[in-house]
Amino acid sequence: MGQYGEVAVSSAKLMAEGNLSPLAAWNLACTNVIASATSRKKGCPRKAFLGLCAAGFLNSTAINDYDAEEAINSKNGKYAMVAVDLLMVQPQLAKSKQTLWFKVLNSFGDDLGKKHNGQMDVVVSLWEKGYIAINL
């Protein structure tokens, strides 16, 4: 699990245990897991995580402190939601973030040379740890 996967899992735990909002949990987890201030500010994995939260893939009873519509409609939020949809049909895709990423890109008609920026780490880590709510 990469650092953004670790942040995502830690955030999900913080949300469940401390009734923290998704953004507050993400920010706290980033502070605890990632040393680099620049890496803590990286938007792609954060938007992927918030997109999943806004779409209801992660259980949270806390009041949201972010723009849920923006998170869902962001490219990174959409990437994460499509990745979860793909995992629901083909759970074995969790074994290869790169294959999952190619399938996500293909579903959008995006350039397959585009690198993922932690979005698949977020999705796969949450999936593997059982934080993705699949009974939507």
# chains A, B, ... in the order shown; residues from 1 in each chain; ligands from 1

call {"tool": "select_by_dssp", "arguments": {"residues": "region 22-61 of chain A", "states": "alpha helix (DSSP H)", "output": "list of chain:residue names"}}
result
A:Pro22, A:Leu23, A:Ala24, A:Ala25, A:Trp26, A:Asn27, A:Leu28, A:Ala29, A:Cys30, A:Thr31, A:Asn32, A:Val33, A:Ala37, A:Thr38, A:Ser39, A:Arg40, A:Gly43, A:Cys44, A:Pro45, A:Arg46, A:Lys47, A:Ala48, A:Phe49, A:Leu50, A:Gly51, A:Leu52, A:Cys53, A:Ala54

call {"tool": "write_last_selection", "arguments": {"atoms": "C-alpha atoms", "output": "compact mmCIF listing (two decimals), in the first residue's frame"}}
result
# COMPACT_ATOMS: atom_id res chain seq x y z
CA PRO A 22 -14.03 13.26 5.20
CA LEU A 23 -11.89 16.35 4.57
CA ALA A 24 -10.89 16.74 8.22
CA ALA A 25 -10.03 13.03 8.38
CA TRP A 26 -7.99 13.25 5.15
CA ASN A 27 -6.06 16.28 6.38
CA LEU A 28 -5.31 14.69 9.76
CA ALA A 29 -4.26 11.40 8.17
CA CYS A 30 -2.00 13.26 5.71
CA THR A 31 -0.29 15.01 8.60
CA ASN A 32 0.24 11.68 10.38
CA VAL A 33 1.40 9.66 7.36
CA ALA A 37 4.15 19.24 2.82
CA THR A 38 3.97 19.22 -0.98
CA SER A 39 2.80 15.60 -1.03
CA ARG A 40 0.18 16.32 1.66
CA GLY A 43 -5.09 17.03 -5.10
CA CYS A 44 -5.59 13.88 -7.20
CA PRO A 45 -5.75 11.32 -4.37
CA ARG A 46 -7.68 13.73 -2.12
CA LYS A 47 -10.32 14.35 -4.80
CA ALA A 48 -10.55 10.61 -5.46
CA PHE A 49 -11.18 9.99 -1.74
CA LEU A 50 -13.68 12.84 -1.40
CA GLY A 51 -15.46 11.73 -4.58
CA LEU A 52 -15.94 8.27 -3.10
CA CYS A 53 -17.22 9.79 0.14
CA ALA A 54 -19.63 12.13 -1.65

call {"tool": "residues_around", "arguments": {"residues": "region 106-116 of chain A", "least_positions_apart": "6", "cutoff": "10 Å", "atoms": "only C-alpha atoms", "output": "PDB file with C-alpha atoms, in the first residue's frame"}}
result
ATOM      1  CA  CYS A  44      -5.585  13.884  -7.201  1.00  0.00           C
ATOM      2  CA  PRO A  45      -5.748  11.319  -4.374  1.00  0.00           C
ATOM      3  CA  LYS A  75     -12.164  14.027 -12.918  1.00  0.00           C
ATOM      4  CA  ASN A  76     -10.397  12.312 -10.005  1.00  0.00           C
ATOM      5  CA  LYS A  78     -15.055  10.127 -11.394  1.00  0.00           C
ATOM      6  CA  TYR A  79     -11.930   8.031 -11.904  1.00  0.00           C
ATOM      7  CA  VAL A  82     -15.435   4.069 -12.117  1.00  0.00           C
ATOM      8  CA  ALA A  83     -12.588   2.089 -10.527  1.00  0.00           C
ATOM      9  CA  LEU A  86     -14.949  -2.069 -12.184  1.00  0.00           C
ATOM     10  CA  LYS A  97      -3.446  -0.953  -9.970  1.00  0.00           C
ATOM     11  CA  GLN A  98      -1.965  -0.400 -13.428  1.00  0.00           C
ATOM     12  CA  LEU A 100      -7.309  -1.092 -13.192  1.00  0.00           C
TER      13      LEU A 100
END

call {"tool": "decode", "arguments": {"residues": "region 42-74 of chain A", "atoms": "N, CA, C and O atoms", "output": "PDB file, in the first residue's frame"}}
result
ATOM      1  N   LYS A  42      -1.290  17.253  -2.386  1.00  0.00           N
ATOM      2  CA  LYS A  42      -1.593  16.677  -3.696  1.00  0.00           C
ATOM      3  C   LYS A  42      -3.101  16.467  -3.850  1.00  0.00           C
ATOM      4  O   LYS A  42      -3.743  15.832  -3.029  1.00  0.00           O
ATOM      5  N   GLY A  43      -3.643  17.015  -4.919  1.00  0.00           N
ATOM      6  CA  GLY A  43      -5.090  17.027  -5.102  1.00  0.00           C
ATOM      7  C   GLY A  43      -5.701  15.766  -5.667  1.00  0.00           C
ATOM      8  O   GLY A  43      -6.837  15.426  -5.336  1.00  0.00           O
ATOM      9  N   CYS A  44      -4.995  15.043  -6.522  1.00  0.00           N
ATOM     10  CA  CYS A  44      -5.585  13.884  -7.201  1.00  0.00           C
ATOM     11  C   CYS A  44      -6.080  12.809  -6.223  1.00  0.00           C
ATOM     12  O   CYS A  44      -7.241  12.398  -6.304  1.00  0.00           O
ATOM     13  N   PRO A  45      -5.251  12.341  -5.298  1.00  0.00           N
ATOM     14  CA  PRO A  45      -5.748  11.319  -4.374  1.00  0.00           C
ATOM     15  C   PRO A  45      -6.824  11.862  -3.421  1.00  0.00           C
ATOM     16  O   PRO A  45      -7.783  11.166  -3.094  1.00  0.00           O
ATOM     17  N   ARG A  46      -6.676  13.121  -3.008  1.00  0.00           N
ATOM     18  CA  ARG A  46      -7.683  13.726  -2.117  1.00  0.00           C
ATOM     19  C   ARG A  46      -9.035  13.793  -2.811  1.00  0.00           C
ATOM     20  O   ARG A  46     -10.057  13.416  -2.243  1.00  0.00           O
ATOM     21  N   LYS A  47      -9.055  14.253  -4.058  1.00  0.00           N
ATOM     22  CA  LYS A  47     -10.322  14.348  -4.803  1.00  0.00           C
ATOM     23  C   LYS A  47     -10.914  12.964  -5.048  1.00  0.00           C
ATOM     24  O   LYS A  47     -12.135  12.801  -5.036  1.00  0.00           O
ATOM     25  N   ALA A  48     -10.059  11.976  -5.285  1.00  0.00           N
ATOM     26  CA  ALA A  48     -10.554  10.609  -5.455  1.00  0.00           C
ATOM     27  C   ALA A  48     -11.248  10.152  -4.171  1.00  0.00           C
ATOM     28  O   ALA A  48     -12.358   9.612  -4.209  1.00  0.00           O
ATOM     29  N   PHE A  49     -10.603  10.381  -3.033  1.00  0.00           N
ATOM     30  CA  PHE A  49     -11.175   9.995  -1.740  1.00  0.00           C
ATOM     31  C   PHE A  49     -12.489  10.739  -1.468  1.00  0.00           C
ATOM     32  O   PHE A  49     -13.500  10.130  -1.115  1.00  0.00           O
ATOM     33  N   LEU A  50     -12.473  12.046  -1.655  1.00  0.00           N
ATOM     34  CA  LEU A  50     -13.679  12.839  -1.396  1.00  0.00           C
ATOM     35  C   LEU A  50     -14.801  12.484  -2.374  1.00  0.00           C
ATOM     36  O   LEU A  50     -15.978  12.483  -1.992  1.00  0.00           O
ATOM     37  N   GLY A  51     -14.452  12.157  -3.612  1.00  0.00           N
ATOM     38  CA  GLY A  51     -15.459  11.734  -4.581  1.00  0.00           C
ATOM     39  C   GLY A  51     -16.145  10.452  -4.131  1.00  0.00           C
ATOM     40  O   GLY A  51     -17.369  10.329  -4.213  1.00  0.00           O
ATOM     41  N   LEU A  52     -15.359   9.510  -3.619  1.00  0.00           N
ATOM     42  CA  LEU A  52     -15.939   8.270  -3.101  1.00  0.00           C
ATOM     43  C   LEU A  52     -16.842   8.543  -1.904  1.00  0.00           C
ATOM     44  O   LEU A  52     -17.924   7.954  -1.786  1.00  0.00           O
ATOM     45  N   CYS A  53     -16.405   9.431  -1.030  1.00  0.00           N
ATOM     46  CA  CYS A  53     -17.222   9.789   0.142  1.00  0.00           C
ATOM     47  C   CYS A  53     -18.535  10.437  -0.297  1.00  0.00           C
ATOM     48  O   CYS A  53     -19.606  10.056   0.168  1.00  0.00           O
ATOM     49  N   ALA A  54     -18.447  11.397  -1.195  1.00  0.00           N
ATOM     50  CA  ALA A  54     -19.632  12.132  -1.647  1.00  0.00           C
ATOM     51  C   ALA A  54     -20.620  11.217  -2.367  1.00  0.00           C
ATOM     52  O   ALA A  54     -21.835  11.417  -2.281  1.00  0.00           O
ATOM     53  N   ALA A  55     -20.095  10.214  -3.052  1.00  0.00           N
ATOM     54  CA  ALA A  55     -20.952   9.280  -3.787  1.00  0.00           C
ATOM     55  C   ALA A  55     -21.531   8.192  -2.890  1.00  0.00           C
ATOM     56  O   ALA A  55     -22.334   7.379  -3.344  1.00  0.00           O
ATOM     57  N   GLY A  56     -21.137   8.176  -1.617  1.00  0.00           N
ATOM     58  CA  GLY A  56     -21.687   7.208  -0.672  1.00  0.00           C
ATOM     59  C   GLY A  56     -20.945   5.885  -0.595  1.00  0.00           C
ATOM     60  O   GLY A  56     -21.431   4.935   0.005  1.00  0.00           O
ATOM     61  N   PHE A  57     -19.769   5.806  -1.187  1.00  0.00           N
ATOM     62  CA  PHE A  57     -18.996   4.565  -1.136  1.00  0.00           C
ATOM     63  C   PHE A  57     -18.307   4.355   0.204  1.00  0.00           C
ATOM     64  O   PHE A  57     -17.856   3.260   0.504  1.00  0.00           O
ATOM     65  N   LEU A  58     -18.189   5.410   0.998  1.00  0.00           N
ATOM     66  CA  LEU A  58     -17.601   5.307   2.333  1.00  0.00           C
ATOM     67  C   LEU A  58     -18.629   5.822   3.332  1.00  0.00           C
ATOM     68  O   LEU A  58     -19.216   6.882   3.139  1.00  0.00           O
ATOM     69  N   ASN A  59     -18.818   5.072   4.378  1.00  0.00           N
ATOM     70  CA  ASN A  59     -19.807   5.469   5.383  1.00  0.00           C
ATOM     71  C   ASN A  59     -19.269   6.592   6.255  1.00  0.00           C
ATOM     72  O   ASN A  59     -18.177   6.508   6.782  1.00  0.00           O
ATOM     73  N   SER A  60     -20.070   7.641   6.365  1.00  0.00           N
ATOM     74  CA  SER A  60     -19.714   8.759   7.230  1.00  0.00           C
ATOM     75  C   SER A  60     -20.988   9.411   7.725  1.00  0.00           C
ATOM     76  O   SER A  60     -21.890   9.694   6.946  1.00  0.00           O
ATOM     77  N   THR A  61     -21.043   9.629   9.024  1.00  0.00           N
ATOM     78  CA  THR A  61     -22.198  10.313   9.595  1.00  0.00           C
ATOM     79  C   THR A  61     -21.889  11.773   9.888  1.00  0.00           C
ATOM     80  O   THR A  61     -22.764  12.519  10.290  1.00  0.00           O
ATOM     81  N   ALA A  62     -20.639  12.158   9.660  1.00  0.00           N
ATOM     82  CA  ALA A  62     -20.234  13.532   9.948  1.00  0.00           C
ATOM     83  C   ALA A  62     -20.750  14.486   8.867  1.00  0.00           C
ATOM     84  O   ALA A  62     -20.996  14.100   7.736  1.00  0.00           O
ATOM     85  N   ILE A  63     -20.889  15.724   9.257  1.00  0.00           N
ATOM     86  CA  ILE A  63     -21.264  16.762   8.305  1.00  0.00           C
ATOM     87  C   ILE A  63     -20.087  16.992   7.360  1.00  0.00           C
ATOM     88  O   ILE A  63     -18.933  17.052   7.789  1.00  0.00           O
ATOM     89  N   ASN A  64     -20.370  17.090   6.091  1.00  0.00           N
ATOM     90  CA  ASN A  64     -19.310  17.312   5.110  1.00  0.00           C
ATOM     91  C   ASN A  64     -18.815  18.747   5.172  1.00  0.00           C
ATOM     92  O   ASN A  64     -19.601  19.680   5.262  1.00  0.00           O
ATOM     93  N   ASP A  65     -17.512  18.905   5.086  1.00  0.00           N
ATOM     94  CA  ASP A  65     -16.897  20.235   5.086  1.00  0.00           C
ATOM     95  C   ASP A  65     -16.191  20.493   3.758  1.00  0.00           C
ATOM     96  O   ASP A  65     -15.185  21.160   3.694  1.00  0.00           O
ATOM     97  N   TYR A  66     -16.748  19.917   2.719  1.00  0.00           N
ATOM     98  CA  TYR A  66     -16.202  20.097   1.378  1.00  0.00           C
ATOM     99  C   TYR A  66     -17.370  20.141   0.408  1.00  0.00           C
ATOM    100  O   TYR A  66     -18.498  19.787   0.767  1.00  0.00           O
ATOM    101  N   ASP A  67     -17.124  20.542  -0.808  1.00  0.00           N
ATOM    102  CA  ASP A  67     -18.164  20.623  -1.831  1.00  0.00           C
ATOM    103  C   ASP A  67     -18.360  19.234  -2.436  1.00  0.00           C
ATOM    104  O   ASP A  67     -17.575  18.802  -3.278  1.00  0.00           O
ATOM    105  N   ALA A  68     -19.404  18.544  -1.988  1.00  0.00           N
ATOM    106  CA  ALA A  68     -19.650  17.168  -2.417  1.00  0.00           C
ATOM    107  C   ALA A  68     -19.903  17.085  -3.922  1.00  0.00           C
ATOM    108  O   ALA A  68     -19.407  16.179  -4.594  1.00  0.00           O
ATOM    109  N   GLU A  69     -20.642  18.039  -4.449  1.00  0.00           N
ATOM    110  CA  GLU A  69     -20.926  18.019  -5.887  1.00  0.00           C
ATOM    111  C   GLU A  69     -19.641  18.180  -6.700  1.00  0.00           C
ATOM    112  O   GLU A  69     -19.427  17.493  -7.702  1.00  0.00           O
ATOM    113  N   GLU A  70     -18.779  19.073  -6.250  1.00  0.00           N
ATOM    114  CA  GLU A  70     -17.497  19.259  -6.931  1.00  0.00           C
ATOM    115  C   GLU A  70     -16.662  17.983  -6.857  1.00  0.00           C
ATOM    116  O   GLU A  70     -16.027  17.582  -7.844  1.00  0.00           O
ATOM    117  N   ALA A  71     -16.658  17.328  -5.702  1.00  0.00           N
ATOM    118  CA  ALA A  71     -15.875  16.102  -5.534  1.00  0.00           C
ATOM    119  C   ALA A  71     -16.380  15.001  -6.458  1.00  0.00           C
ATOM    120  O   ALA A  71     -15.591  14.297  -7.092  1.00  0.00           O
ATOM    121  N   ILE A  72     -17.692  14.857  -6.566  1.00  0.00           N
ATOM    122  CA  ILE A  72     -18.273  13.837  -7.435  1.00  0.00           C
ATOM    123  C   ILE A  72     -17.990  14.148  -8.902  1.00  0.00           C
ATOM    124  O   ILE A  72     -17.722  13.255  -9.698  1.00  0.00           O
ATOM    125  N   ASN A  73     -18.070  15.407  -9.258  1.00  0.00           N
ATOM    126  CA  ASN A  73     -17.901  15.804 -10.651  1.00  0.00           C
ATOM    127  C   ASN A  73     -16.451  16.037 -11.068  1.00  0.00           C
ATOM    128  O   ASN A  73     -16.183  16.240 -12.248  1.00  0.00           O
ATOM    129  N   SER A  74     -15.534  15.996 -10.124  1.00  0.00           N
ATOM    130  CA  SER A  74     -14.125  16.162 -10.477  1.00  0.00           C
ATOM    131  C   SER A  74     -13.659  14.945 -11.265  1.00  0.00           C
ATOM    132  O   SER A  74     -14.176  13.835 -11.106  1.00  0.00           O
TER     133      SER A  74
END
